[in-house]
Amino acid sequence: MLDGRIALVTGASRGIGRGIALGLAAAGADVAVNYHIPGTPEFGHDNAQDAAAVAAEIEALGRKAVTVEADVCDGAAVTRMVEDVTAALGGLDILVNGAGICPFHDFLTMPEQLWDRVHDVNLKGAFLCSQAAARVMVAQGRGGRIIAVSSISALVGGGMQTHYTPTKAGMHSLMQSMAVSLGPHGITCNSILPGAIATDINKDDWSDPDKRAYLNGRIPLGRFGEPEDLAGPVVFLASDAARYVTGASLLVDGGLFVNLQ
Ligand SMILES: NC(=O)C1=CN([C@@H]2O[C@H](COP(=O)(O)OP(=O)(O)OC[C@H]3O[C@@H](n4cnc5c(N)ncnc54)[C@H](OP(=O)(O)O)[C@@H]3O)[C@@H](O)[C@H]2O)C=CC1
Ligand SMILES: C[C@H](O)[C@@H]1OC(=O)[C@H](O)[C@@H]1O
């Protein structure tokens, strides 16, 4: 579905970004794998090594891959990243804003710096990457696809996520306004809203067996999501099958959102 397309996925060294990067490659795209140094130290990853491993998996699928280091909330680094990807792979057709953080924290004691960092990475990062990618897509003149990994949390709250949920609502709102701005250039802008997907981001939070069982019990399809579950919906939005879909959001949550009782 994506033969000849060139994609950049941010936060692709692991988790949902990795699952999406591999899905895009399996559908025929060449893929740039963004990672960030120093990364999130408490997760204990070597992001450069992880990104190289993802690139090797993409090449094993017969596609081209490059790795690109950048902190998504550093405007100069993002500009350089997009230039490097465009030069290395020969253009840019698809951007997936996957990078994100959710350091769970109580509202009443929330430090201002933590609020700022979460907004910088999740929302400002999506803005900077989208703007840099859109400039290339407009100059190329062949349209494009921009997809944000927002969240079910764009629609519902979380007591320990008062810094995080507004960024996820903001990311979807950003895609809606960009859909208006970039539609005349043939660039579609959409969000996916994952539900509860097992990755590093929620390892600590779900280490409480009661919370795990409660959440799992609320998912009509009967299991937490895996990063690979996001690949199909993103491939669809990136493909010609979704050529008339823009400003839309797609819940990918096993039915969690609609399960009131
Ligand atoms: N897991 C879930 O249940 C859900 C996740 N999401 C969203 O999915 C996205 C991916 O999360 P997930 O895979 O679960 O979590 P992970 O922690 O596994 O992955 C997050 C990725 O983003 C990268 N990242 C973080 N900060 C930056 C930065 N400043 N610049 C570049 N990359 C960065 C991380 O690298 P590092 O931290 O090492 O820098 C990592 O590769 C996030 O936006 C998250 O909000 C949405 C809904 C549900
Ligand atoms: C990190 C959380 O477990 C996860 O992130 C989201 O966006 C979902 O709402 C879950 O809370």
# chains A, B, ... in the order shown; residues from 1 in each chain; ligands from 1

call {"tool": "residues_near_ligand", "arguments": {"ligand": "ligand 2", "cutoff": "6 Å", "atoms": "only C-alpha atoms and all ligand atoms", "output": "ChimeraX atom specification"}}
result
/A:102,151-153,195-196,201-202

call {"tool": "write_last_selection", "arguments": {"atoms": "all heavy atoms", "output": "PDB file, in the first residue's frame"}}
result
ATOM      1  N   CYS A 102       4.953  10.462  29.534  1.00  0.00           N
ATOM      2  CA  CYS A 102       3.867  10.556  30.506  1.00  0.00           C
ATOM      3  C   CYS A 102       4.396  10.195  31.901  1.00  0.00           C
ATOM      4  O   CYS A 102       4.132   9.091  32.395  1.00  0.00           O
ATOM      5  CB  CYS A 102       2.708   9.633  30.111  1.00  0.00           C
ATOM      6  SG  CYS A 102       1.295   9.728  31.239  1.00  0.00           S
ATOM      7  N   SER A 151      -4.187  10.101  21.783  1.00  0.00           N
ATOM      8  CA  SER A 151      -4.513   9.106  22.814  1.00  0.00           C
ATOM      9  C   SER A 151      -6.003   9.121  23.097  1.00  0.00           C
ATOM     10  O   SER A 151      -6.679  10.144  22.907  1.00  0.00           O
ATOM     11  CB  SER A 151      -3.766   9.439  24.106  1.00  0.00           C
ATOM     12  OG  SER A 151      -4.198   8.617  25.159  1.00  0.00           O
ATOM     13  N   ILE A 152      -6.491   8.015  23.620  1.00  0.00           N
ATOM     14  CA  ILE A 152      -7.818   7.990  24.237  1.00  0.00           C
ATOM     15  C   ILE A 152      -7.891   9.105  25.294  1.00  0.00           C
ATOM     16  O   ILE A 152      -8.958   9.657  25.563  1.00  0.00           O
ATOM     17  CB  ILE A 152      -8.074   6.595  24.863  1.00  0.00           C
ATOM     18  CG1 ILE A 152      -9.506   6.443  25.351  1.00  0.00           C
ATOM     19  CG2 ILE A 152      -7.115   6.319  26.014  1.00  0.00           C
ATOM     20  CD1 ILE A 152      -9.838   5.022  25.862  1.00  0.00           C
ATOM     21  N   SER A 153      -6.711   9.464  25.834  1.00  0.00           N
ATOM     22  CA  SER A 153      -6.633  10.521  26.856  1.00  0.00           C
ATOM     23  C   SER A 153      -6.921  11.909  26.294  1.00  0.00           C
ATOM     24  O   SER A 153      -6.991  12.876  27.055  1.00  0.00           O
ATOM     25  CB  SER A 153      -5.251  10.523  27.512  1.00  0.00           C
ATOM     26  OG  SER A 153      -5.021   9.310  28.164  1.00  0.00           O
ATOM     27  N   GLY A 195      -5.509   3.235  23.072  1.00  0.00           N
ATOM     28  CA  GLY A 195      -6.070   3.059  24.415  1.00  0.00           C
ATOM     29  C   GLY A 195      -4.975   2.701  25.399  1.00  0.00           C
ATOM     30  O   GLY A 195      -4.097   3.514  25.678  1.00  0.00           O
ATOM     31  N   ALA A 196      -5.005   1.505  25.914  1.00  0.00           N
ATOM     32  CA  ALA A 196      -4.013   1.052  26.902  1.00  0.00           C
ATOM     33  C   ALA A 196      -3.093   0.038  26.222  1.00  0.00           C
ATOM     34  O   ALA A 196      -3.463  -1.118  26.007  1.00  0.00           O
ATOM     35  CB  ALA A 196      -4.714   0.430  28.098  1.00  0.00           C
ATOM     36  N   ILE A 201       6.131   3.137  28.931  1.00  0.00           N
ATOM     37  CA  ILE A 201       5.513   4.352  29.469  1.00  0.00           C
ATOM     38  C   ILE A 201       4.581   4.035  30.657  1.00  0.00           C
ATOM     39  O   ILE A 201       4.393   4.870  31.532  1.00  0.00           O
ATOM     40  CB  ILE A 201       4.758   5.106  28.336  1.00  0.00           C
ATOM     41  CG1 ILE A 201       4.772   6.615  28.556  1.00  0.00           C
ATOM     42  CG2 ILE A 201       3.350   4.621  28.182  1.00  0.00           C
ATOM     43  CD1 ILE A 201       4.222   7.427  27.372  1.00  0.00           C
ATOM     44  N   ASN A 202       4.016   2.837  30.650  1.00  0.00           N
ATOM     45  CA  ASN A 202       3.074   2.501  31.734  1.00  0.00           C
ATOM     46  C   ASN A 202       3.527   1.313  32.588  1.00  0.00           C
ATOM     47  O   ASN A 202       2.742   0.784  33.385  1.00  0.00           O
ATOM     48  CB  ASN A 202       1.664   2.258  31.178  1.00  0.00           C
ATOM     49  CG  ASN A 202       1.691   1.480  29.888  1.00  0.00           C
ATOM     50  OD1 ASN A 202       2.502   0.577  29.749  1.00  0.00           O
ATOM     51  ND2 ASN A 202       0.839   1.822  28.948  1.00  0.00           N
TER      52      ASN A 202
END

call {"tool": "closest_atom_pairs", "arguments": {"of": "chain A", "to": "ligand 1", "cutoff": "6 Å", "atoms": "only C-alpha atoms and all ligand atoms", "output": "tab-separated table"}}
result
residue	atom	partner	partner_atom_place_in_ligand_line	distance
A:Thr10	CA	ligand 1	32 (N)	6.0
A:Gly11	CA	ligand 1	41 (O)	3.7
A:Ala12	CA	ligand 1	41 (O)	5.2
A:Ser13	CA	ligand 1	41 (O)	4.8
A:Arg14	CA	ligand 1	41 (O)	5.0
A:Gly15	CA	ligand 1	13 (O)	3.4
A:Ile16	CA	ligand 1	13 (O)	3.7
A:Gly17	CA	ligand 1	13 (O)	5.7
A:Tyr35	CA	ligand 1	32 (N)	5.2
A:His36	CA	ligand 1	31 (C)	4.5
A:Gly39	CA	ligand 1	39 (O)	3.1
A:Thr40	CA	ligand 1	37 (O)	4.1
A:Asn47	CA	ligand 1	38 (O)	6.0
A:Ala70	CA	ligand 1	31 (C)	5.9
A:Asp71	CA	ligand 1	30 (N)	3.6
A:Val72	CA	ligand 1	30 (N)	4.1
A:Cys73	CA	ligand 1	29 (N)	5.8
A:Gly98	CA	ligand 1	9 (C)	4.8
A:Ala99	CA	ligand 1	22 (O)	3.4
A:Gly100	CA	ligand 1	43 (O)	3.4
A:Ile101	CA	ligand 1	25 (C)	5.4
A:Val121	CA	ligand 1	29 (N)	5.0
A:Val149	CA	ligand 1	8 (O)	5.5
A:Ser150	CA	ligand 1	46 (C)	5.5
A:Ser151	CA	ligand 1	47 (C)	4.0
A:Pro194	CA	ligand 1	47 (C)	4.2
A:Gly195	CA	ligand 1	48 (C)	4.9
A:Ala196	CA	ligand 1	3 (O)	3.8
A:Ile197	CA	ligand 1	3 (O)	3.6
A:Ala198	CA	ligand 1	1 (N)	5.5
A:Thr199	CA	ligand 1	18 (O)	4.8
A:Asp200	CA	ligand 1	18 (O)	4.6
A:Ile201	CA	ligand 1	17 (O)	4.2

call {"tool": "closest_residue", "arguments": {"among": "A:Gly125, A:Gly254, A:Pro41, A:Gly225", "to": "Leu174 in chain A", "atoms": "only C-alpha atoms"}}
result
A:Gly125

call {"tool": "residues_around", "arguments": {"residues": "range 236-248 of chain A", "least_positions_apart": "6", "cutoff": "8 Å", "atoms": "only C-alpha atoms", "output": "PyMOL selection string"}}
result
chain A and resi 1-2+94+145-147+175-180+183+188-191

call {"tool": "write_last_selection", "arguments": {"atoms": "all heavy atoms", "output": "compact mmCIF listing (two decimals), in the first residue's frame"}}
result
# COMPACT_ATOMS: atom_id res chain seq x y z
N MET A 1 0.81 -1.22 0.00
CA MET A 1 0.00 0.00 0.00
C MET A 1 0.85 1.27 0.00
O MET A 1 0.36 2.34 -0.30
CB MET A 1 -0.90 0.04 1.25
CG MET A 1 -2.00 -1.01 1.24
SD MET A 1 -2.80 -1.12 2.85
CE MET A 1 -3.99 0.22 2.77
N LEU A 2 2.13 1.14 0.38
CA LEU A 2 2.96 2.34 0.53
C LEU A 2 4.25 2.26 -0.30
O LEU A 2 5.23 2.95 0.02
CB LEU A 2 3.30 2.57 2.01
CG LEU A 2 2.10 2.77 2.94
CD1 LEU A 2 2.56 2.91 4.38
CD2 LEU A 2 1.26 3.98 2.53
N ILE A 94 5.48 10.91 4.51
CA ILE A 94 4.67 10.54 5.68
C ILE A 94 5.44 10.94 6.93
O ILE A 94 6.62 10.58 7.08
CB ILE A 94 4.45 9.01 5.71
CG1 ILE A 94 3.73 8.52 4.45
CG2 ILE A 94 3.68 8.60 6.98
CD1 ILE A 94 3.90 7.01 4.19
N ARG A 145 1.21 12.97 4.14
CA ARG A 145 0.40 12.43 5.25
C ARG A 145 1.07 12.78 6.56
O ARG A 145 2.27 12.46 6.75
CB ARG A 145 0.33 10.91 5.14
CG ARG A 145 -0.33 10.38 3.89
CD ARG A 145 -1.84 10.47 4.06
NE ARG A 145 -2.55 9.78 2.99
CZ ARG A 145 -2.94 10.34 1.86
NH1 ARG A 145 -2.65 11.61 1.61
NH2 ARG A 145 -3.61 9.65 0.96
N ILE A 146 0.34 13.41 7.47
CA ILE A 146 0.86 13.67 8.81
C ILE A 146 -0.09 13.03 9.81
O ILE A 146 -1.32 13.26 9.75
CB ILE A 146 1.02 15.19 9.06
CG1 ILE A 146 2.02 15.77 8.05
CG2 ILE A 146 1.49 15.44 10.51
CD1 ILE A 146 2.27 17.27 8.17
N ILE A 147 0.47 12.21 10.68
CA ILE A 147 -0.36 11.45 11.63
C ILE A 147 0.21 11.66 13.03
O ILE A 147 1.42 11.53 13.25
CB ILE A 147 -0.33 9.95 11.26
CG1 ILE A 147 -0.94 9.74 9.86
CG2 ILE A 147 -1.09 9.12 12.31
CD1 ILE A 147 -0.49 8.50 9.16
N MET A 175 -3.84 18.65 14.68
CA MET A 175 -4.08 17.94 13.41
C MET A 175 -5.31 18.51 12.71
O MET A 175 -5.34 18.66 11.48
CB MET A 175 -4.26 16.43 13.63
CG MET A 175 -3.00 15.70 14.05
SD MET A 175 -1.59 15.92 12.93
CE MET A 175 -0.46 16.79 14.00
N GLN A 176 -6.35 18.85 13.49
CA GLN A 176 -7.57 19.39 12.87
C GLN A 176 -7.28 20.73 12.18
O GLN A 176 -7.68 20.95 11.03
CB GLN A 176 -8.65 19.58 13.94
CG GLN A 176 -9.23 18.26 14.43
CD GLN A 176 -10.30 18.49 15.49
OE1 GLN A 176 -10.14 19.31 16.40
NE2 GLN A 176 -11.39 17.75 15.37
N SER A 177 -6.57 21.61 12.89
CA SER A 177 -6.29 22.93 12.27
C SER A 177 -5.30 22.80 11.13
O SER A 177 -5.42 23.49 10.10
CB SER A 177 -5.78 23.91 13.33
OG SER A 177 -6.85 24.29 14.16
N MET A 178 -4.31 21.90 11.27
CA MET A 178 -3.37 21.68 10.16
C MET A 178 -4.09 21.09 8.95
O MET A 178 -3.72 21.37 7.80
CB MET A 178 -2.25 20.74 10.60
CG MET A 178 -1.15 21.41 11.43
SD MET A 178 -0.03 20.22 12.18
CE MET A 178 0.24 19.08 10.83
N ALA A 179 -5.12 20.28 9.20
CA ALA A 179 -5.89 19.71 8.07
C ALA A 179 -6.49 20.83 7.23
O ALA A 179 -6.51 20.76 5.99
CB ALA A 179 -6.98 18.78 8.59
N VAL A 180 -6.93 21.89 7.91
CA VAL A 180 -7.51 23.03 7.21
C VAL A 180 -6.41 23.79 6.45
O VAL A 180 -6.53 24.12 5.27
CB VAL A 180 -8.22 23.97 8.20
CG1 VAL A 180 -8.80 25.18 7.48
CG2 VAL A 180 -9.32 23.22 8.95
N GLY A 183 -4.71 21.24 3.70
CA GLY A 183 -5.57 20.56 2.73
C GLY A 183 -5.33 21.04 1.30
O GLY A 183 -5.22 20.22 0.37
N THR A 188 -2.85 15.42 4.15
CA THR A 188 -3.86 15.07 5.14
C THR A 188 -3.23 14.99 6.52
O THR A 188 -2.05 14.64 6.66
CB THR A 188 -4.56 13.73 4.82
OG1 THR A 188 -3.61 12.67 4.97
CG2 THR A 188 -5.13 13.73 3.42
N CYS A 189 -4.02 15.34 7.54
CA CYS A 189 -3.54 15.39 8.92
C CYS A 189 -4.57 14.73 9.82
O CYS A 189 -5.71 15.21 9.91
CB CYS A 189 -3.34 16.85 9.35
SG CYS A 189 -2.26 17.78 8.24
N ASN A 190 -4.18 13.66 10.45
CA ASN A 190 -5.12 12.87 11.27
C ASN A 190 -4.45 12.41 12.56
O ASN A 190 -3.21 12.44 12.68
CB ASN A 190 -5.59 11.65 10.48
CG ASN A 190 -6.39 12.03 9.25
OD1 ASN A 190 -7.52 12.52 9.35
ND2 ASN A 190 -5.82 11.83 8.07
N SER A 191 -5.28 11.93 13.50
CA SER A 191 -4.76 11.40 14.76
C SER A 191 -5.21 9.96 14.94
O SER A 191 -6.33 9.62 14.58
CB SER A 191 -5.35 12.14 15.96
OG SER A 191 -5.21 13.51 15.85

call {"tool": "select_by_dssp", "arguments": {"residues": "range 2-246 of chain A", "states": "strand (DSSP E)", "output": "VMD selection string"}}
result
chain A and resid 6 to 9 30 to 35 65 to 69 94 to 97 144 to 149 187 to 194

call {"tool": "write_last_selection", "arguments": {"atoms": "N, CA and C atoms", "output": "short mmCIF file (atom, residue, chain, number, x, y, z; two decimals), in the first residue's frame"}}
result
data_model
loop_
_atom_site.label_atom_id
_atom_site.label_comp_id
_atom_site.auth_asym_id
_atom_site.auth_seq_id
_atom_site.Cartn_x
_atom_site.Cartn_y
_atom_site.Cartn_z
N ILE A 6 8.12 7.58 1.47
CA ILE A 6 9.21 7.80 2.44
C ILE A 6 8.60 8.35 3.73
N ALA A 7 8.90 7.67 4.84
CA ALA A 7 8.27 8.02 6.12
C ALA A 7 9.31 8.38 7.17
N LEU A 8 8.93 9.28 8.07
CA LEU A 8 9.72 9.58 9.27
C LEU A 8 8.82 9.33 10.47
N VAL A 9 9.31 8.50 11.41
CA VAL A 9 8.55 8.20 12.63
C VAL A 9 9.37 8.69 13.82
N ASP A 30 9.99 3.26 2.75
CA ASP A 30 11.30 3.45 3.35
C ASP A 30 11.08 4.31 4.60
N VAL A 31 11.86 4.03 5.66
CA VAL A 31 11.52 4.66 6.94
C VAL A 31 12.74 5.23 7.65
N ALA A 32 12.60 6.48 8.13
CA ALA A 32 13.60 7.08 9.01
C ALA A 32 13.14 6.89 10.46
N VAL A 33 14.07 6.40 11.28
CA VAL A 33 13.78 6.05 12.67
C VAL A 33 14.39 7.13 13.57
N ASN A 34 13.54 7.96 14.18
CA ASN A 34 14.05 9.00 15.09
C ASN A 34 14.24 8.41 16.49
N TYR A 35 15.32 8.84 17.12
CA TYR A 35 15.54 8.51 18.53
C TYR A 35 16.12 9.73 19.20
N ALA A 65 16.35 2.19 5.32
CA ALA A 65 16.12 2.77 6.65
C ALA A 65 17.31 3.63 7.04
N VAL A 66 17.03 4.72 7.76
CA VAL A 66 18.11 5.51 8.38
C VAL A 66 17.67 5.80 9.81
N THR A 67 18.66 6.05 10.67
CA THR A 67 18.34 6.49 12.03
C THR A 67 18.72 7.97 12.14
N VAL A 68 17.93 8.74 12.88
CA VAL A 68 18.20 10.18 13.05
C VAL A 68 17.96 10.58 14.50
N GLU A 69 19.02 11.14 15.10
CA GLU A 69 18.89 11.59 16.49
C GLU A 69 18.32 13.00 16.52
N ILE A 94 5.48 10.91 4.51
CA ILE A 94 4.67 10.54 5.68
C ILE A 94 5.44 10.94 6.93
N LEU A 95 4.77 11.67 7.82
CA LEU A 95 5.35 11.92 9.15
C LEU A 95 4.42 11.32 10.19
N VAL A 96 4.99 10.55 11.11
CA VAL A 96 4.22 10.06 12.27
C VAL A 96 4.84 10.66 13.52
N ASN A 97 4.05 11.48 14.24
CA ASN A 97 4.49 12.07 15.50
C ASN A 97 4.25 11.07 16.62
N GLY A 144 0.99 14.74 0.96
CA GLY A 144 1.66 14.07 2.08
C GLY A 144 0.66 13.62 3.14
N ARG A 145 1.21 12.97 4.14
CA ARG A 145 0.40 12.43 5.25
C ARG A 145 1.07 12.78 6.56
N ILE A 146 0.34 13.41 7.47
CA ILE A 146 0.86 13.67 8.81
C ILE A 146 -0.09 13.03 9.81
N ILE A 147 0.47 12.21 10.68
CA ILE A 147 -0.36 11.45 11.63
C ILE A 147 0.21 11.66 13.03
N ALA A 148 -0.67 12.01 13.97
CA ALA A 148 -0.24 12.20 15.35
C ALA A 148 -0.67 11.01 16.18
N VAL A 149 0.24 10.52 17.01
CA VAL A 149 -0.14 9.51 18.01
C VAL A 149 -0.66 10.29 19.22
N ILE A 187 -2.13 17.65 1.63
CA ILE A 187 -1.54 16.98 2.81
C ILE A 187 -2.67 16.69 3.80
N THR A 188 -2.85 15.42 4.15
CA THR A 188 -3.86 15.07 5.14
C THR A 188 -3.23 14.99 6.52
N CYS A 189 -4.02 15.34 7.54
CA CYS A 189 -3.54 15.39 8.92
C CYS A 189 -4.57 14.73 9.82
N ASN A 190 -4.18 13.66 10.45
CA ASN A 190 -5.12 12.87 11.27
C ASN A 190 -4.45 12.41 12.56
N SER A 191 -5.28 11.93 13.50
CA SER A 191 -4.76 11.40 14.76
C SER A 191 -5.21 9.96 14.94
N ILE A 192 -4.34 9.18 15.56
CA ILE A 192 -4.83 7.92 16.13
C ILE A 192 -4.87 8.10 17.64
N LEU A 193 -5.84 7.45 18.25
CA LEU A 193 -6.04 7.56 19.70
C LEU A 193 -5.89 6.16 20.31
N PRO A 194 -4.64 5.78 20.64
CA PRO A 194 -4.47 4.46 21.26
C PRO A 194 -5.10 4.44 22.65
#

call {"tool": "residues_around", "arguments": {"residues": "Ala26 in chain A", "least_positions_apart": "4", "cutoff": "8 Å", "atoms": "only C-alpha atoms", "output": "list in words"}}
result
Leu22, Ile58 and Leu61 of chain A

call {"tool": "select_by_dssp", "arguments": {"residues": "range 185-214 of chain A", "states": "helix (DSSP H, G or I)", "output": "list in words"}}
result
His185, Asp200, Ile201, Asn202, Asp205, Trp206, Ser207, Pro209, Asp210, Lys211, Arg212, Ala213 and Tyr214 of chain A

call {"tool": "residues_around", "arguments": {"residues": "Val82 in chain A", "least_positions_apart": "2", "cutoff": "9 Å", "atoms": "only C-alpha atoms", "output": "PyMOL selection string"}}
result
chain A and resi 8+68+77-80+84-87+92+129+132-133+136

call {"tool": "write_last_selection", "arguments": {"atoms": "C-alpha atoms", "output": "PDB file, in the first residue's frame"}}
result
ATOM      1  CA  LEU A   8       9.723   9.579   9.274  1.00  0.00           C
ATOM      2  CA  VAL A  68      18.202  10.177  13.050  1.00  0.00           C
ATOM      3  CA  ALA A  77      17.502  19.702  15.833  1.00  0.00           C
ATOM      4  CA  VAL A  78      14.134  19.014  14.190  1.00  0.00           C
ATOM      5  CA  THR A  79      15.022  21.145  11.144  1.00  0.00           C
ATOM      6  CA  ARG A  80      18.309  19.278  10.788  1.00  0.00           C
ATOM      7  CA  ASP A  84      18.960  14.773   6.844  1.00  0.00           C
ATOM      8  CA  VAL A  85      16.065  12.378   6.248  1.00  0.00           C
ATOM      9  CA  THR A  86      15.079  14.115   3.022  1.00  0.00           C
ATOM     10  CA  ALA A  87      18.661  14.000   1.754  1.00  0.00           C
ATOM     11  CA  LEU A  92       9.386  12.845   2.686  1.00  0.00           C
ATOM     12  CA  CYS A 129       8.076  18.138  13.451  1.00  0.00           C
ATOM     13  CA  ALA A 132       9.299  21.053   9.259  1.00  0.00           C
ATOM     14  CA  ALA A 133       7.832  18.039   7.427  1.00  0.00           C
ATOM     15  CA  VAL A 136       9.240  19.791   2.645  1.00  0.00           C
TER      16      VAL A 136
END

call {"tool": "closest_residue", "arguments": {"among": "A:Leu123, A:Ala134, A:Arg212, A:Trp115", "to": "Met160 in chain A", "atoms": "only C-alpha atoms"}}
result
A:Trp115

call {"tool": "decode", "arguments": {"residues": "range 185-210 of chain A", "atoms": "N, CA and C atoms", "output": "compact mmCIF listing (two decimals), in the first residue's frame"}}
result
# COMPACT_ATOMS: atom_id res chain seq x y z
N HIS A 185 -2.80 21.83 -0.09
CA HIS A 185 -1.54 21.27 -0.61
C HIS A 185 -1.63 19.74 -0.76
N GLY A 186 -2.80 19.19 -0.52
CA GLY A 186 -2.96 17.73 -0.64
C GLY A 186 -2.32 16.96 0.50
N ILE A 187 -2.13 17.65 1.63
CA ILE A 187 -1.54 16.98 2.81
C ILE A 187 -2.67 16.69 3.80
N THR A 188 -2.85 15.42 4.15
CA THR A 188 -3.86 15.07 5.14
C THR A 188 -3.23 14.99 6.52
N CYS A 189 -4.02 15.34 7.54
CA CYS A 189 -3.54 15.39 8.92
C CYS A 189 -4.57 14.73 9.82
N ASN A 190 -4.18 13.66 10.45
CA ASN A 190 -5.12 12.87 11.27
C ASN A 190 -4.45 12.41 12.56
N SER A 191 -5.28 11.93 13.50
CA SER A 191 -4.76 11.40 14.76
C SER A 191 -5.21 9.96 14.94
N ILE A 192 -4.34 9.18 15.56
CA ILE A 192 -4.83 7.92 16.13
C ILE A 192 -4.87 8.10 17.64
N LEU A 193 -5.84 7.45 18.25
CA LEU A 193 -6.04 7.56 19.70
C LEU A 193 -5.89 6.16 20.31
N PRO A 194 -4.64 5.78 20.64
CA PRO A 194 -4.47 4.46 21.26
C PRO A 194 -5.10 4.44 22.65
N GLY A 195 -5.51 3.23 23.07
CA GLY A 195 -6.07 3.06 24.42
C GLY A 195 -4.98 2.70 25.40
N ALA A 196 -5.01 1.50 25.91
CA ALA A 196 -4.01 1.05 26.90
C ALA A 196 -3.09 0.04 26.22
N ILE A 197 -1.89 0.51 25.88
CA ILE A 197 -0.94 -0.30 25.10
C ILE A 197 0.26 -0.60 26.00
N ALA A 198 0.64 -1.84 26.10
CA ALA A 198 1.73 -2.23 27.02
C ALA A 198 3.08 -1.80 26.46
N THR A 199 3.68 -0.78 27.10
CA THR A 199 5.02 -0.30 26.71
C THR A 199 5.73 0.18 27.99
N ASP A 200 6.93 0.72 27.82
CA ASP A 200 7.67 1.26 28.98
C ASP A 200 6.91 2.37 29.69
N ILE A 201 6.13 3.14 28.93
CA ILE A 201 5.51 4.35 29.47
C ILE A 201 4.58 4.03 30.66
N ASN A 202 4.02 2.84 30.65
CA ASN A 202 3.07 2.50 31.73
C ASN A 202 3.53 1.31 32.59
N LYS A 203 4.79 0.90 32.41
CA LYS A 203 5.30 -0.26 33.16
C LYS A 203 5.12 -0.07 34.67
N ASP A 204 5.55 1.08 35.18
CA ASP A 204 5.46 1.34 36.62
C ASP A 204 4.00 1.40 37.06
N ASP A 205 3.22 2.18 36.31
CA ASP A 205 1.82 2.40 36.67
C ASP A 205 1.07 1.07 36.73
N TRP A 206 1.38 0.19 35.81
CA TRP A 206 0.66 -1.10 35.77
C TRP A 206 1.33 -2.19 36.59
N SER A 207 2.36 -1.81 37.36
CA SER A 207 2.98 -2.84 38.21
C SER A 207 2.07 -3.17 39.39
N ASP A 208 1.07 -2.31 39.63
CA ASP A 208 0.06 -2.60 40.65
C ASP A 208 -0.94 -3.61 40.06
N PRO A 209 -0.95 -4.85 40.57
CA PRO A 209 -1.78 -5.89 39.95
C PRO A 209 -3.27 -5.55 39.95
N ASP A 210 -3.73 -4.82 40.98
CA ASP A 210 -5.16 -4.46 41.03
C ASP A 210 -5.50 -3.49 39.90
